[in-house]
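Report on one structure; see the data block that follows.
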Amino acid sequence: MRHPGRVRPGRTSDLLVGTLDLMPTLLGMLGLKVPATAQGRNLWPSIRSERDDDVESVPLLSMDVNWRGVYTREHVYAFGQGKRFVI
């Protein structure tokens, strides 16, 4: 991610970010209001402050094969169509 003057260049982050967080985070970066209907989180404050441990888990979704799950730093749990997976 590049945001000259606002994000330190060359930094590597371990912040967990899900696809639902992208729109609210980009709006936050632009200084725009995040709609109350947004399902993700505005992670811009975490990115700006370099707080990589602010997010403990992110949802995993796949509508085409009908499965759901959660991803953490230590585990991945997914289930769908009668099957469960723990990685």
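Here's how to read the names in the structure tokens: chain A, B, ... by the order shown, residue numbers from 1 in each chain, ligand numbers from 1 in the order shown.
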Open item on the list: So that I can check the secondary structure, give me every residue of region 10-82 of chain A assigned helix (DSSP H, G or I) by backbone DSSP, as a VMD selection string.
Closed with: chain A and resid 19 to 29 44 to 48
Task: All residues 10 Å or closer to His3 (chain A), only C-alpha atoms, same chain fewer than 5 positions away omitted, as a PyMOL selection string - done: chain A and resi 8-9+29+48
Generate a file of the selected residues that holds N, CA, C and O atoms, formatted as a short mmCIF file (atom, residue, chain, number, x, y, z; two decimals), in the first residue's frame.
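Result went into result-v8.cif, see below:
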data_model
loop_
_atom_site.label_atom_id
_atom_site.label_comp_id
_atom_site.auth_asym_id
_atom_site.auth_seq_id
_atom_site.Cartn_x
_atom_site.Cartn_y
_atom_site.Cartn_z
N ARG A 8 4.29 4.84 6.03
CA ARG A 8 5.75 4.73 5.94
C ARG A 8 6.14 3.82 4.78
O ARG A 8 5.70 2.66 4.71
N PRO A 9 6.96 4.30 3.85
CA PRO A 9 7.35 3.48 2.70
C PRO A 9 8.18 2.26 3.12
O PRO A 9 8.96 2.34 4.05
N MET A 29 -9.21 6.31 4.32
CA MET A 29 -7.96 6.89 3.84
C MET A 29 -8.20 8.19 3.09
O MET A 29 -7.38 9.10 3.15
N ARG A 48 -2.48 3.52 9.78
CA ARG A 48 -1.77 4.78 10.03
C ARG A 48 -0.93 4.70 11.31
O ARG A 48 0.18 5.18 11.35
#
Task: Residue with smallest distance to Leu61 (chain A) - pool A:Gly18, A:Pro4, A:Gly10, A:Gly31, counting only C-alpha atoms - done: A:Gly18
- [ ] Between A:Pro59, A:Gly5, A:Pro35, A:Gly40, single out the one closest to Leu22 (chain A), counting only C-alpha atoms.
- [x]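 Of A:Pro59, A:Gly5, A:Pro35, A:Gly40, the one nearest Leu22 (chain A), counting only C-alpha atoms, is A:Gly40.
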Open item on the list: So that I can see what lies close to Leu26 (chain A), please list as a list in words the residues with an atom at most 9 Å from it, counting only C-alpha atoms and leaving out residues fewer than 4 positions away in the same chain.
Closed with: Asp21, Leu22, Leu30, Gly31, Leu32, Asn42, Leu43 and Trp44 of chain A
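Of all the residues in chain A, the ones DSSP labels as strand (DSSP E) from the backbone are Ser57, Val58, Pro59, Leu60, Leu61, Ser62, Trp67, Arg68, Gly69, Val70, Tyr71, Thr72, Val76, Tyr77, Ala78, Phe79, Gly80, Lys83, Arg84, Phe85 and Val86 of chain A.
Non-sequential neighbours of Leu60 (chain A) (distance at most 6 Å, separation of 2 or more positions within a chain, only C-alpha atoms) are A:Arg68, A:Gly69, A:Val70.
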Restricting it to N, CA and C atoms, dump the selection as a PDB file, in the first residue's frame.
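Dumped to out_26.pdb:
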ATOM      1  N   ARG A  68     -18.346 -21.112   4.376  1.00  0.00           N
ATOM      2  CA  ARG A  68     -18.015 -19.956   5.200  1.00  0.00           C
ATOM      3  C   ARG A  68     -16.881 -20.358   6.135  1.00  0.00           C
ATOM      4  N   GLY A  69     -16.238 -19.377   6.720  1.00  0.00           N
ATOM      5  CA  GLY A  69     -15.182 -19.688   7.671  1.00  0.00           C
ATOM      6  C   GLY A  69     -14.662 -18.449   8.354  1.00  0.00           C
ATOM      7  N   VAL A  70     -13.618 -18.653   9.139  1.00  0.00           N
ATOM      8  CA  VAL A  70     -12.952 -17.555   9.826  1.00  0.00           C
ATOM      9  C   VAL A  70     -11.447 -17.824   9.783  1.00  0.00           C
TER      10      VAL A  70
END
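Separating CA of Asp53 (chain A) from CA of Ala38 (chain A) is a distance of 21.9 Å.
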TODO: Kindly indicate which residue among A:Ile47, A:Thr19, A:Ala36, A:Tyr77 lies nearest to Met1 (chain A), using only C-alpha atoms for the distances.
DONE: A:Ile47
Open item on the list: One decimal, in Å: what's the spacing between CA of Ser13 (chain A) and CA of Glu50 (chain A)?
Closed with: 7.7 Å
Quick one: contact table of region 25-55 of chain A to region 71-74 of chain A, 12 Å max, nearest atom pair and distance in Å to one decimal per residue, counting only C-alpha atoms, chain and number order, as JSON lines?
{"residue": "A:Asp52", "atom": "CA", "partner": "A:Arg73", "partner_atom": "CA", "distance": 11.1}
{"residue": "A:Asp53", "atom": "CA", "partner": "A:Arg73", "partner_atom": "CA", "distance": 9.6}
{"residue": "A:Asp54", "atom": "CA", "partner": "A:Arg73", "partner_atom": "CA", "distance": 11.7}
{"residue": "A:Val55", "atom": "CA", "partner": "A:Thr72", "partner_atom": "CA", "distance": 8.7}
Output C-alpha atoms for every residue in the selection just made, as a PDB file, in the first residue's frame.
ATOM      1  CA  ASP A  52      -0.909  -4.751  13.299  1.00  0.00           C
ATOM      2  CA  ASP A  53      -2.656  -6.644  16.106  1.00  0.00           C
ATOM      3  CA  ASP A  54      -5.933  -4.638  16.041  1.00  0.00           C
ATOM      4  CA  VAL A  55      -7.777  -7.364  14.117  1.00  0.00           C
TER       5      VAL A  55
END
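Across the structure, CA of His75 (chain A) and CA of Ser57 (chain A) are spaced 9.3 Å apart.
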Long-range neighbours of Asn66 (chain A) as an mmCIF file with all heavy atoms, in the first residue's frame, 9 Å cut-off, only C-alpha atoms, 3 positions minimum in chain:
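Generated file (out_5.cif):
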data_model
loop_
_atom_site.group_PDB
_atom_site.id
_atom_site.type_symbol
_atom_site.label_atom_id
_atom_site.label_comp_id
_atom_site.auth_asym_id
_atom_site.auth_seq_id
_atom_site.Cartn_x
_atom_site.Cartn_y
_atom_site.Cartn_z
ATOM 1 N N LEU A 61 -15.560 -16.098 3.022
ATOM 2 C CA LEU A 61 -16.844 -16.361 2.379
ATOM 3 C C LEU A 61 -16.622 -16.829 0.956
ATOM 4 O O LEU A 61 -15.765 -16.306 0.260
ATOM 5 C CB LEU A 61 -17.699 -15.088 2.340
ATOM 6 C CG LEU A 61 -17.919 -14.353 3.650
ATOM 7 C CD1 LEU A 61 -18.483 -12.980 3.388
ATOM 8 C CD2 LEU A 61 -18.840 -15.150 4.539
ATOM 9 N N SER A 62 -17.382 -17.796 0.526
ATOM 10 C CA SER A 62 -17.389 -18.215 -0.870
ATOM 11 C C SER A 62 -18.814 -18.603 -1.219
ATOM 12 O O SER A 62 -19.304 -19.646 -0.801
ATOM 13 C CB SER A 62 -16.446 -19.387 -1.108
ATOM 14 O OG SER A 62 -16.493 -19.763 -2.466
ATOM 15 N N MET A 63 -19.473 -17.745 -1.953
ATOM 16 C CA MET A 63 -20.882 -17.975 -2.269
ATOM 17 C C MET A 63 -21.077 -19.035 -3.357
ATOM 18 O O MET A 63 -22.037 -19.767 -3.342
ATOM 19 C CB MET A 63 -21.552 -16.679 -2.717
ATOM 20 C CG MET A 63 -21.480 -15.579 -1.704
ATOM 21 S SD MET A 63 -22.165 -16.073 -0.126
ATOM 22 C CE MET A 63 -21.867 -14.618 0.815
ATOM 23 N N PHE A 79 -16.426 -24.229 6.959
ATOM 24 C CA PHE A 79 -17.452 -25.264 6.887
ATOM 25 C C PHE A 79 -18.395 -24.947 5.735
ATOM 26 O O PHE A 79 -18.531 -23.816 5.302
ATOM 27 C CB PHE A 79 -18.234 -25.368 8.204
ATOM 28 C CG PHE A 79 -19.004 -24.120 8.547
ATOM 29 C CD1 PHE A 79 -20.327 -23.983 8.183
ATOM 30 C CD2 PHE A 79 -18.390 -23.086 9.225
ATOM 31 C CE1 PHE A 79 -21.028 -22.829 8.489
ATOM 32 C CE2 PHE A 79 -19.088 -21.928 9.539
ATOM 33 C CZ PHE A 79 -20.405 -21.798 9.169
ATOM 34 N N GLY A 80 -19.038 -25.994 5.237
ATOM 35 C CA GLY A 80 -19.999 -25.818 4.159
ATOM 36 C C GLY A 80 -20.444 -27.152 3.604
ATOM 37 O O GLY A 80 -19.683 -28.119 3.600
ATOM 38 N N GLN A 81 -21.667 -27.217 3.196
ATOM 39 C CA GLN A 81 -22.254 -28.407 2.580
ATOM 40 C C GLN A 81 -21.920 -29.675 3.354
ATOM 41 O O GLN A 81 -21.500 -30.682 2.797
ATOM 42 C CB GLN A 81 -21.824 -28.515 1.133
ATOM 43 C CG GLN A 81 -22.308 -27.349 0.300
ATOM 44 C CD GLN A 81 -21.982 -27.515 -1.168
ATOM 45 O OE1 GLN A 81 -21.269 -28.406 -1.580
ATOM 46 N NE2 GLN A 81 -22.521 -26.620 -1.966
#
